[in-house]
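Structure file final35.txt (compact mmCIF, C-alpha atoms) follows.
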```
# COMPACT_ATOMS: atom_id res chain seq x y z
CA MET A 1 71.22 114.43 114.84
CA GLY A 2 71.02 118.05 116.02
CA GLN A 3 73.67 120.67 116.65
CA ASP A 4 74.49 119.77 120.28
CA GLN A 5 74.69 116.03 119.66
CA THR A 6 76.80 116.63 116.55
CA LYS A 7 79.26 118.70 118.58
CA GLN A 8 79.47 116.02 121.31
CA GLN A 9 80.14 113.24 118.81
CA ILE A 10 82.82 115.27 117.01
CA GLU A 11 84.58 115.83 120.35
CA LYS A 12 84.28 112.12 121.15
CA GLY A 13 85.98 111.34 117.83
CA LEU A 14 88.77 113.83 118.57
CA GLN A 15 89.44 112.21 121.94
CA LEU A 16 89.66 108.78 120.31
CA TYR A 17 91.93 110.12 117.57
CA GLN A 18 94.28 111.81 120.05
CA SER A 19 94.56 108.53 121.98
CA ASN A 20 95.64 106.79 118.70
CA GLN A 21 92.33 104.94 118.28
CA THR A 22 92.15 106.12 114.70
CA GLU A 23 89.71 103.63 113.19
CA LYS A 24 87.20 104.13 116.03
CA ALA A 25 87.47 107.90 115.58
CA LEU A 26 86.79 107.55 111.85
CA GLN A 27 83.72 105.42 112.55
CA VAL A 28 82.34 108.08 114.92
CA TRP A 29 82.93 110.89 112.42
CA LEU A 30 81.45 108.96 109.51
CA ARG A 31 78.35 108.24 111.58
CA VAL A 32 78.05 111.97 112.35
CA LEU A 33 78.45 112.82 108.66
CA GLU A 34 75.66 110.41 107.78
CA LYS A 35 73.16 111.47 110.46
CA THR A 36 73.70 115.16 111.28
CA THR A 37 71.24 117.80 110.14
CA ASP A 38 73.56 120.65 111.16
CA ALA A 39 75.41 122.02 108.11
CA ALA A 40 78.12 123.75 110.19
CA GLY A 41 78.68 120.52 112.12
CA ARG A 42 78.93 118.61 108.85
CA PHE A 43 81.57 121.07 107.66
CA ARG A 44 83.58 120.59 110.85
CA VAL A 45 83.42 116.79 110.81
CA LEU A 46 84.53 116.82 107.17
CA GLY A 47 87.55 118.86 108.29
CA CYS A 48 88.35 116.17 110.88
CA LEU A 49 88.08 113.42 108.24
CA ILE A 50 90.29 115.37 105.81
CA THR A 51 93.01 115.87 108.44
CA ALA A 52 92.88 112.23 109.59
CA HIS A 53 93.11 110.83 106.07
CA SER A 54 95.95 113.24 105.28
CA GLU A 55 97.95 112.02 108.29
CA MET A 56 97.29 108.38 107.36
CA GLY A 57 98.42 108.97 103.78
CA ARG A 58 94.99 108.15 102.31
CA TYR A 59 95.07 111.01 99.86
CA LYS A 60 92.30 109.91 97.50
CA ASP A 61 89.88 109.70 100.42
CA MET A 62 91.18 113.07 101.60
CA LEU A 63 90.28 114.57 98.22
CA LYS A 64 86.84 112.93 98.28
CA PHE A 65 85.97 114.55 101.60
CA ALA A 66 87.44 117.90 100.48
CA VAL A 67 85.07 117.95 97.49
CA VAL A 68 82.09 117.25 99.78
CA GLN A 69 83.29 119.98 102.15
CA ILE A 70 83.39 122.61 99.42
CA ASP A 71 79.79 121.78 98.51
CA THR A 72 78.84 122.18 102.18
CA ALA A 73 80.66 125.55 102.32
CA ARG A 74 78.70 126.78 99.31
CA GLU A 75 75.50 125.65 101.00
CA LEU A 76 76.43 127.68 104.10
CA GLU A 77 77.29 130.76 101.96
CA ASP A 78 80.06 131.72 104.38
CA PRO A 79 83.33 133.12 102.92
CA ASP A 80 85.38 131.79 105.86
CA TYR A 81 84.13 128.24 105.32
CA LEU A 82 84.72 128.59 101.58
CA THR A 83 88.32 129.73 102.08
CA GLU A 84 89.06 126.81 104.39
CA SER A 85 87.49 124.28 102.02
CA TYR A 86 89.51 125.60 99.05
CA LEU A 87 92.68 125.23 101.13
CA ASN A 88 91.78 121.61 101.92
CA LEU A 89 91.12 121.02 98.21
CA ALA A 90 94.54 122.51 97.41
CA ARG A 91 96.28 120.35 100.05
CA SER A 92 94.54 117.21 98.76
CA ASN A 93 95.73 117.86 95.21
CA GLU A 94 99.23 118.67 96.49
CA LYS A 95 99.43 115.24 98.17
CA LEU A 96 98.30 113.61 94.91
CA CYS A 97 100.99 115.56 92.99
CA GLU A 98 98.39 117.56 91.04
CA PHE A 99 100.57 120.63 91.43
CA GLN A 100 98.95 122.91 88.85
CA LYS A 101 95.55 122.35 90.47
CA THR A 102 97.11 123.02 93.87
CA ILE A 103 98.46 126.39 92.73
CA SER A 104 95.11 127.31 91.16
CA TYR A 105 93.16 126.54 94.36
CA CYS A 106 95.75 128.37 96.48
CA LYS A 107 95.40 131.47 94.33
CA THR A 108 91.64 131.26 94.79
CA CYS A 109 92.19 131.24 98.57
CA LEU A 110 94.50 134.27 98.42
CA ASN A 111 91.96 136.19 96.32
CA MET A 112 89.29 135.70 99.01
CA GLN A 113 90.69 138.40 101.29
CA GLY A 114 88.82 140.43 103.85
CA THR A 115 87.73 137.70 106.27
CA THR A 116 89.40 136.88 109.57
CA VAL A 117 89.81 133.19 108.75
CA SER A 118 91.28 133.82 105.30
CA MET A 119 93.98 136.01 106.84
CA GLN A 120 94.80 133.32 109.42
CA LEU A 121 95.06 130.65 106.71
CA ASN A 122 97.39 132.62 104.42
CA GLY A 123 100.46 130.98 105.93
CA GLN A 124 99.11 127.50 105.22
CA VAL A 125 98.12 128.56 101.70
CA SER A 126 101.64 129.86 101.03
CA LEU A 127 103.13 126.61 102.35
CA SER A 128 100.94 124.46 100.12
CA MET A 129 101.73 126.64 97.10
CA GLY A 130 105.46 126.42 97.90
CA ASN A 131 105.28 122.63 98.01
CA ALA A 132 103.51 122.64 94.64
CA TYR A 133 106.14 124.90 93.04
CA LEU A 134 108.85 122.64 94.48
CA GLY A 135 107.09 119.64 92.92
CA LEU A 136 107.26 121.47 89.58
CA SER A 137 110.96 122.38 90.19
CA ILE A 138 110.18 126.11 90.10
CA PHE A 139 112.63 126.77 92.90
CA GLN A 140 112.58 130.57 93.12
CA LYS A 141 108.80 130.74 93.52
CA ALA A 142 108.89 127.82 95.96
CA LEU A 143 111.41 129.64 98.17
CA GLU A 144 109.38 132.87 98.05
CA CYS A 145 106.28 130.98 99.21
CA PHE A 146 108.15 129.18 101.99
CA GLU A 147 109.63 132.46 103.26
CA LYS A 148 106.18 134.07 103.20
CA ALA A 149 104.71 131.12 105.14
CA LEU A 150 107.55 131.35 107.67
CA ARG A 151 106.84 135.08 108.20
CA TYR A 152 103.16 134.28 108.84
CA ALA A 153 104.21 131.61 111.36
CA HIS A 154 106.54 134.01 113.21
CA ASN A 155 104.10 136.94 113.16
CA ASN A 156 101.27 134.80 114.55
CA ASP A 157 103.44 132.66 116.85
CA ASP A 158 102.16 129.57 115.02
CA LYS A 159 104.68 126.87 116.02
CA MET A 160 102.84 124.11 114.19
CA LEU A 161 102.98 125.99 110.88
CA GLU A 162 106.64 126.85 111.52
CA CYS A 163 107.38 123.15 112.02
CA ARG A 164 105.72 122.24 108.72
CA VAL A 165 107.56 125.01 106.86
CA CYS A 166 110.91 123.86 108.29
CA CYS A 167 110.26 120.33 107.01
CA SER A 168 109.45 121.71 103.55
CA LEU A 169 112.60 123.87 103.59
CA GLY A 170 114.62 120.78 104.47
CA ASN A 171 113.17 119.08 101.39
CA PHE A 172 113.82 122.22 99.32
CA TYR A 173 117.51 122.41 100.21
CA THR A 174 117.93 118.68 99.61
CA HIS A 175 116.79 119.32 96.04
CA LEU A 176 119.35 122.14 95.78
CA LYS A 177 122.05 119.85 97.28
CA ASP A 178 122.75 122.29 100.10
CA TYR A 179 122.84 119.52 102.67
CA GLU A 180 123.88 121.62 105.67
CA LYS A 181 120.71 123.69 105.34
CA ALA A 182 118.77 120.53 104.45
CA LEU A 183 119.72 119.25 107.91
CA PHE A 184 119.34 122.54 109.79
CA PHE A 185 115.65 123.06 109.03
CA PRO A 186 114.29 119.59 109.96
CA CYS A 187 116.45 119.74 113.11
CA LYS A 188 114.68 123.03 113.89
CA ALA A 189 111.35 121.29 113.24
CA ALA A 190 112.32 118.49 115.64
CA GLU A 191 113.16 121.10 118.30
CA LEU A 192 109.73 122.68 117.85
CA VAL A 193 108.07 119.27 118.25
CA ASN A 194 110.02 118.62 121.45
CA ASP A 195 109.34 122.08 122.91
CA TYR A 196 105.74 122.72 121.84
CA GLY A 197 104.33 119.54 120.34
CA LYS A 198 102.90 117.75 123.35
CA GLY A 199 99.38 117.86 121.94
CA TRP A 200 100.38 117.63 118.27
CA SER A 201 99.95 114.68 115.96
CA LEU A 202 102.92 112.30 115.88
CA LYS A 203 103.04 112.95 112.12
CA TYR A 204 105.03 116.14 112.82
CA ARG A 205 107.73 114.17 114.63
CA ALA A 206 107.73 111.51 111.92
CA MET A 207 108.23 114.05 109.12
CA SER A 208 111.01 115.96 110.91
CA GLN A 209 112.82 112.68 111.62
CA TYR A 210 112.44 111.56 108.01
CA TYR A 211 113.91 114.75 106.54
CA MET A 212 116.73 114.63 109.10
CA ALA A 213 117.45 111.07 107.97
CA VAL A 214 117.64 112.16 104.32
CA ALA A 215 120.03 115.02 105.13
CA TYR A 216 122.20 112.90 107.43
CA ARG A 217 122.55 110.30 104.68
CA LYS A 218 123.55 112.91 102.12
CA LEU A 219 126.18 114.20 104.57
CA GLY A 220 127.50 110.69 105.16
CA HIS A 221 126.32 110.44 108.79
CA LEU A 222 124.82 107.02 108.23
CA ALA A 223 124.33 105.94 111.85
CA ASP A 224 122.36 109.13 112.58
CA ALA A 225 120.41 108.67 109.35
CA MET A 226 119.46 105.11 110.33
CA GLU A 227 118.34 106.18 113.82
CA CYS A 228 116.11 108.98 112.47
CA CYS A 229 114.66 106.81 109.70
CA GLU A 230 113.81 104.02 112.16
CA GLU A 231 112.00 106.53 114.39
CA SER A 232 110.02 107.87 111.43
CA MET A 233 109.13 104.34 110.24
CA LYS A 234 107.96 103.41 113.74
CA ILE A 235 105.45 106.29 113.75
CA ALA A 236 104.42 105.62 110.13
CA LEU A 237 103.61 102.01 111.02
CA GLN A 238 101.68 103.13 114.09
CA HIS A 239 99.54 105.53 112.04
CA GLY A 240 99.20 103.26 109.01
CA ASP A 241 100.79 105.98 106.85
CA ARG A 242 101.68 104.00 103.72
CA PRO A 243 103.30 106.87 101.73
CA LEU A 244 105.67 107.67 104.61
CA GLN A 245 106.41 103.96 105.05
CA ALA A 246 107.41 103.84 101.38
CA GLN A 247 109.63 106.92 101.77
CA CYS A 248 111.33 105.37 104.80
CA LEU A 249 111.92 102.10 102.94
CA LEU A 250 113.62 104.02 100.14
CA CYS A 251 115.72 105.90 102.70
CA PHE A 252 116.74 102.61 104.36
CA ALA A 253 117.78 101.28 100.96
CA ASP A 254 119.82 104.43 100.25
CA ILE A 255 121.55 104.19 103.64
CA HIS A 256 122.53 100.57 103.05
CA ARG A 257 123.61 101.41 99.49
CA SER A 258 125.82 104.17 100.91
CA ARG A 259 127.31 101.59 103.25
CA MET A 260 127.78 99.24 100.29
CA ASP A 261 125.86 96.52 102.16
CA VAL A 262 123.23 96.10 99.46
CA GLN A 263 122.23 92.60 100.52
CA LEU A 264 121.61 93.72 104.11
CA GLY A 265 119.54 96.59 102.76
CA LEU A 266 117.37 94.19 100.77
CA LEU A 267 117.07 91.95 103.82
CA LYS A 268 115.82 94.83 106.00
CA ILE A 269 113.37 96.01 103.34
CA HIS A 270 111.87 92.54 102.89
CA CYS A 271 111.59 92.14 106.65
CA LEU A 272 109.83 95.52 107.07
CA CYS A 273 107.53 94.84 104.12
CA GLU A 274 106.64 91.48 105.62
CA GLY A 275 105.51 93.23 108.82
CA ILE A 276 103.51 95.85 106.89
CA TYR A 277 101.66 93.32 104.71
CA ARG A 278 101.07 90.97 107.66
CA ALA A 279 99.40 93.83 109.57
CA LYS A 280 97.28 94.68 106.49
CA GLY A 281 96.31 91.02 105.92
CA GLN A 282 97.53 91.13 102.31
CA GLN A 283 98.53 87.49 102.01
CA ARG A 284 99.86 87.42 98.44
CA GLU A 285 102.27 90.31 99.02
CA LEU A 286 103.21 88.84 102.42
CA ARG A 287 104.15 85.47 100.89
CA ASN A 288 106.17 87.22 98.20
CA HIS A 289 108.33 89.11 100.74
CA VAL A 290 108.71 86.07 103.02
CA VAL A 291 110.11 84.11 100.06
CA LYS A 292 112.47 86.95 99.10
CA PHE A 293 113.59 87.36 102.72
CA HIS A 294 114.55 83.69 102.99
CA GLU A 295 116.30 83.84 99.60
CA CYS A 296 118.47 86.68 100.97
CA VAL A 297 119.12 84.72 104.17
CA GLU A 298 120.27 81.67 102.19
CA GLU A 299 122.45 83.73 99.87
CA MET A 300 124.16 85.48 102.81
CA GLU A 301 124.23 82.33 104.99
CA LEU A 302 122.61 84.21 107.87
CA TYR A 303 121.80 81.22 110.04
CA CYS A 304 122.51 80.50 113.66
CA GLY A 305 124.99 77.61 113.71
CA MET A 306 123.15 75.96 116.61
CA CYS A 307 119.38 76.26 116.20
CA GLY A 308 119.43 76.71 112.41
CA GLU A 309 117.01 79.66 112.52
CA SER A 310 117.60 82.77 110.41
CA ILE A 311 119.39 85.79 111.88
CA GLY A 312 117.89 89.23 111.32
CA ASP A 313 114.13 88.68 111.20
CA GLN A 314 113.72 88.91 114.99
CA ASN A 315 115.19 91.31 117.54
CA HIS A 316 117.38 88.65 119.17
CA GLN A 317 120.73 89.48 120.74
CA LEU A 318 123.62 87.93 118.80
CA GLN A 319 127.15 86.99 119.75
CA ALA A 320 130.21 86.75 117.51
CA LEU A 321 133.04 84.42 118.54
CA PRO A 322 136.74 85.07 117.79
CA CYS A 323 136.50 82.59 114.93
CA SER A 324 133.89 84.94 113.32
CA HIS A 325 130.99 82.50 113.63
CA VAL A 326 127.78 84.19 114.81
CA PHE A 327 125.08 82.65 117.02
CA HIS A 328 122.02 83.64 118.99
CA LEU A 329 123.18 84.59 122.48
CA LYS A 330 120.51 82.37 124.07
CA CYS A 331 121.76 79.39 122.04
CA LEU A 332 125.35 79.87 123.25
CA GLN A 333 124.17 80.25 126.84
CA THR A 334 122.48 76.84 126.66
CA ASN A 335 125.38 75.24 124.77
CA GLY A 336 127.30 74.24 127.88
CA THR A 337 130.67 74.17 126.11
CA ARG A 338 133.45 76.77 125.92
CA GLY A 339 134.24 76.20 122.26
CA CYS A 340 132.58 77.25 119.03
CA PRO A 341 129.89 74.69 118.15
CA ASN A 342 130.95 74.90 114.50
CA CYS A 343 134.75 74.76 114.55
CA ARG A 344 135.39 73.96 118.27
CA ARG A 345 137.81 76.86 118.67
CA ALA A 346 137.93 78.36 122.16
CA SER A 347 135.35 81.13 122.66
CA VAL A 348 137.50 83.56 124.65
CA LYS A 349 135.75 86.85 125.41
CA PRO A 350 133.28 86.80 122.52
CA GLY A 351 132.00 90.17 121.36
CA PHE A 352 128.41 91.32 121.17
CA VAL A 353 126.92 92.23 117.81
```
Would you mind writing the structure in this file as structure tokens?
Amino acid sequence: MGQDQTKQQIEKGLQLYQSNQTEKALQVWLRVLEKTTDAAGRFRVLGCLITAHSEMGRYKDMLKFAVVQIDTARELEDPDYLTESYLNLARSNEKLCEFQKTISYCKTCLNMQGTTVSMQLNGQVSLSMGNAYLGLSIFQKALECFEKALRYAHNNDDKMLECRVCCSLGNFYTHLKDYEKALFFPCKAAELVNDYGKGWSLKYRAMSQYYMAVAYRKLGHLADAMECCEESMKIALQHGDRPLQAQCLLCFADIHRSRMDVQLGLLKIHCLCEGIYRAKGQQRELRNHVVKFHECVEEMELYCGMCGESIGDQNHQLQALPCSHVFHLKCLQTNGTRGCPNCRRASVKPGFV
């Protein structure tokens, strides 16, 4: 596969990826990687694979492709390619919590000054280094790196980088328990996504919503926290981003714990896990969460008094009667009586749940 065909196939993969046909895009790029004879094209397709696996939370695969990319950069003997590949290696190790390696690779990037690309990537390098220092709880150095990355973003009008830095600053201030700032920065990130992110990956929206959810929960705004976390989980499920799904599940549990409705929290987690494992075809884990879901249902007596089916596993509209018995709305509508099917009390102006 020559240079022109390589370029066409990479663009085809990008179009598929932007239309959320992720697996098809990966197949196209992997085929290019296998067949191309163009070293620069191989470097570019490796960059696409690294970004895609990062956004899907497949960090070990991300690291694998980053190692191959650095070998390709050395083959090309181009300092710009080498700088970019070291940054991808740093980001891969950051995602895998290898923070000391991340800092080492970032410093290598910063030492490779003098090229146009290396100067453009300095903001991303500073961001990755800041995340690594935060992972090591070296807060002063983390903040210095984040502020440096934010200056690069402002000076170069890089809204995407600014969005990523704002999410990291939200995480930073959550660690410092300054929850007003922890909310301010992801809210700023969400504004950037709304104003400039039409062509961006949905991962940016998912991350801003997640960090907003964390801050809202810490501030006691539980309804807002739930709304943001549900939006983030929706995107994580769409992208198959397992690490973000796990973070959202923990956030859901924390929200329910804050509400003191621990059983409902467990119920929601088992229900979400059931959907995740069903989509992945992992039958053993699926059966495990189905059993735990029904155990919670039995313990909380969450059954419709008419059809006997569980309440909470499907998005069905419910209705509570004045006697406090709860039913599926569709069941009451087909009941044909004006009283509660359980206790026969009059169902005057029942309320929706």
Please identify all polymer residues within 6 Å of range 106-111 of chain A, counting all atoms listed in the file, omitting same-chain residues fewer than 2 positions from it, and present them as JSON, numbers by chain.
-> {"A": [83, 103, 104, 113, 125]}
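CA of Ile10 in chain A to CA of Tyr59 in chain A spans 21.5 Å [interatomic distance, one decimal].
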Find, counting all atoms listed in the file, the residue in A:Met129, A:Cys307, A:Ala25, A:Cys271 that gets nearest to Glu295 in chain A.
->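 Ranking A:Met129, A:Cys307, A:Ala25, A:Cys271 by distance to Glu295 in chain A, first place goes to A:Cys271.
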Rounded to one decimal in Å, what is the spacing between CA of Thr6 in chain A and CA of Lys203 in chain A?
->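 If I compute the distance from CA of Thr6 in chain A to CA of Lys203 in chain A, I get 26.9 Å.
With all atoms listed in the file taken into account, every residue lying no more than 9 Å from the file point (88.9, 115.8, 116.4) is included here: Ile10, Glu11, Lys12, Gly13, Leu14, Gln15, Leu16, Tyr17, Gln18, Ala25, Trp29, Val45, Gly47, Cys48, Leu49, Thr51 and Ala52 of chain A.
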Range 241-255 of chain A environment, 6 Å, all atoms listed in the file, sequence neighbours closer than 3 positions dropped, as a ChimeraX atom specification | /A:56-57,233,236,258,265
Work out how far apart CA of Glu227 in chain A and CA of His239 in chain A are and give it in Å to one decimal.
->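 Result for CA of Glu227 in chain A versus CA of His239 in chain A: 18.9 Å, one decimal.
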Can you tell me, as a PyMOL selection string, what residues are no more than 12 Å from Cys145 in chain A when counting all atoms listed in the file, ignoring any on the same chain fewer than 3 positions away?
-> chain A and resi 103+106-107+122-134+138-142+148-152+165+168-169+172
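Using only C-alpha atoms, the nearest neighbour of Leu63 in chain A within the list A:Phe293, A:Ala90, A:Asp38, A:Pro79 is A:Ala90.
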